[in-house]
Amino acid sequence: MSEVTFTPLAIGAVMLPNRIALAPVKTALGGTDGCASRRHVEHYRRRAAGGAGLVIVEPLYVDPLGKEHPKQLGASSDDAIAGLRDVVEAVHNHGALAFAHLNHAGRAANPKAIGGAPEAPSAVACPSTGATPTAMTGERIREIVGAYGQAARRARESGFDGVEIQLGLGYLPAQFLSPRTNRRGDEYGPRGEDRWRFAHEVVAAVRRTLGESRALTARLSAEEKVEGGLALADAVELARRLEEWGVDGLHVVVGSACDSPAWYYQHMALPEGVNEKRAADIRAEVSIPVMAAGRLGDPGRIRSVLGEGGVDAVALGRPLLADPDLPHKMAQGREDEIMACGSCLQGCLAQVKGGGPIGCIVNPEVGHEGVVAPAVALGERLVVVGGGPAGMEAALMGRRAGYEVTLLEGDGRLGGQFALAPVSPGKGAMERPLRSLIRAVQSAGIDVRTRFDATPAAVEALKPDRVVLATGSRPVIPPIPGLDDPLTAAEILTGRRQPGPRVLILGGGLVGIEMAEMLAARDHEVVVVELLEDIARDMEAVTRKMTLRRLQELPLTIHTSTRLTRLEDGEAFVVAEGSTDEVSVGSFDSVIVAVGHRSYDPLSAELEKAGLDVAVIGDAVRPGQILDATRTGFLALTRDRGALAGGGDHG
């Protein structure tokens with residue numbers, strides 16, 4: 001093991017105890033006042049307790065018009081100081097340093113969160129929000145520069161060891177730097193020295209207020225991954241200037257919130273390794289420490305990146321959500337115990353965008369640290385029926401609670417619907433969290449019995465004190481004339497059945513569209529029939545955008561607002577919305593049904609009748625995503641189930 005990872009690193013006047021940092025990730029754990037809640041405190045305490053040497057707290061808006069999320073933390077008011085002080089104290093209590101991450105989103109601000117149009121250097125719309133900002137006046141620019149300075153004062157008074165200024169990812173300072181978003185004709189325009197003026201003034205205001213006893217770092221995009229956007233040469237020039245301006249370290253990422261969200265969020269379908277290579281390019285041009293971020297949760301890659309000296313530190317966001325103990329496990333040689341992140345964006349992005357709080361498919365404790373505890377059941381017997389994500393999580397929580405746990409699975413392997421994710425298009429990275437979850441179950445002292453026929457009598461024979469049913473769901477087969485023995489996505493993905501050359505897919509949601517992409521890429525002729533007016537509505541937004549772009553390159557046909565009426569000798573007949581005419585869309589060798597799932601619970605009624613304590617969880621209650629499944633497994637064995645439904649209390 002390379003010793004570099006766990007050696008101290010000086011950044012300006014402060015010393016990091018090791019080279020692993022928590023990257024800033026919005027959590028939505030509080031209210032709309034921008035103040036830190038008790039859940040914020042416990043969330044950051046847990047990351048520090050897991051061994052991160054530096055905790056960079058989520059983006060703090062320096063002005064209310066720079067908010068991206070209604071529940072984002074802020075540093076625009078002195079009211080925020082007390083809560084932030086509690087966060088810093090919790091981090092310090094576990095030996096880690098804490099940095100405040102200051103940001104103004106500019107045109108990327110959320111109009112709903114700020115109550116109107118965003119502000120930016122120029123009136124250039126943000127594709128991600130659809131909002132066109134108001135061009136800032138010179139007076140307003142100077143107000144915002146002052147706001148950065150005041151936010152730095154609040155960070156200092158809160159006890160932070162340093163401040164990180166967000167100068168990249170397509171946010172306000174980057175918008176001033178790029179001619180693509182800066183079309184001004186004044187002293188803050190995009191030409192010559194004017195181009196750097198806003199960033200320089202912000203850095204100077206923060207440095208002046210912060211003083212020399214605390215560290216000042218800057219986050220920048222090595223490239224924005226959009227035509228006409230900032231490129232590596234721009235980042236290198238900015239990095240050199242930042243060193244001249246007195247910045248102590250750099251934090252390098254890739255992407256833009258408005259123009260390249262897939263790169264911003266480091267989507268699992270994108271290639272790995274880009275960020276650290278670009279960070280190394282920048283490190284070669286400066287003498288101050290450089291930290292890289294972006295899908296760096298693999299211990300081998302961390303050691304390689306740091307051991308080769310390309311960068312000085314790594315920042316992990318989602319990997320420390322999936323497993324906050326990753327640093328300790330690395331240091332102790334327990335890497336096979338790390339719960340890996342699959343970059344799926346279900347809990348850390350989609351849920352937060354939907355109102356929060358933050359979550360994680362393989363760590364349902366995220367956002368509820370210190371609030372929810374497992375029940376206590378020493379020596380009692382728990383039987384869990386179903387080895388999908390809900391059942392596996394319930395079994396693990398049962399062991400934490402002290403149960404003797406038996407996990408029953410009818411299939412020959414664990415995983416359930418989760419096992420289908422890694423073989424779907426662009427989701428290969430999901431193999432990592434699946435493998436981690438299965439390994440955790442296998443090493444937790446759980447009696448796992450696969451290919452087990454869990455009849456009521458068989459479950460009763462185990463003499464359980466408690467039973468958790470995670471029996472999942474079954475595909476819905478609509479009553480359409482001629483639709484006999486259709487294929488399902490699960491059958492195809494597991495190789496149990498194979499479609500013929502020409503395929504009709506009934507249903508254009510997530511499952512149907514993933515099937516369409518996969519089969520079209522394998523040279524099948526594919527036709528999709530979707531009843532609603534749009535497709536892939538249940539996909540996470542970034543994934544959906546990437547998928548729709550890939551579909552445009554494939555030879556397939558999609559009929560929306562269309563109903564399949566019958567099949568006759570392989571020929572499919574449909575009726576379009578607003579029409580009464582039935583038309584043929586051709587003949588097909590195979591039909592795949594992907595119109596949803598129905599909960600499957602064949603056991604609870606009889607087991608309850610036998611007097612057993614039964615809980616039904618996961619898809620067996622309501623079909624949903626992996627995030628929903630593991631959350632219900634977590635809840636089933638906790639002391640206070642209501643705690644997860646509570647809001648972000650302050651204190």
# chains A, B, ... in the order shown; residues from 1 in each chain; ligands from 1

$ residues_around --residues "Glu143 in chain A" --least-positions-apart "3" --cutoff "12 Å" --atoms "only C-alpha atoms" --output "PyMOL selection string"
chain A and resi 62-63+65+76+136-140+146-150+198+201-202+205

$ closest_residue --among "A:Asp538, A:Glu285, A:Asp248, A:Asp336" --to "Pro299 in chain A" --atoms "only C-alpha atoms"
A:Asp336

$ closest_residue --among "A:Thr209, A:Gly300, A:Arg563, A:Ile282" --to "Glu237 in chain A" --atoms "only C-alpha atoms"
A:Ile282

$ select_by_dssp --residues "range 369-593 of chain A" --states "alpha helix (DSSP H)" --output "ChimeraX atom specification"
/A:389-401,431-442,456-461,489-493,510-521,541-551

$ residues_around --residues "Glu58 in chain A" --least-positions-apart "6" --cutoff "6 Å" --atoms "only C-alpha atoms" --output "list in words"
Pro24, Val25 and Lys26 of chain A

$ closest_residue --among "A:Ile141, A:Leu510, A:Val595, A:Ala521" --to "Leu487 in chain A" --atoms "only C-alpha atoms"
A:Val595

$ atom_distance --atom1 "CA of Thr632 in chain A" --atom2 "CA of Thr547 in chain A"
28.9 Å

$ select_by_dssp --residues "range 166-289 of chain A" --states "strand (DSSP E or B)" --output "list in words"
Gln166, Ala215, Leu216, Thr217, Ala218, Arg219, Leu220, Ser221, Gly249, Leu250, His251, Val252, Val253, Ser256 and Ser260 of chain A

$ closest_residue --among "A:Glu460, A:Gly342, A:Gly412, A:Pro319" --to "Leu382 in chain A" --atoms "only C-alpha atoms"
A:Glu460

$ residues_around --residues "Met15 in chain A" --least-positions-apart "6" --cutoff "10 Å" --atoms "only C-alpha atoms" --output "PyMOL selection string"
chain A and resi 8-9+53-54+96-97+161+215
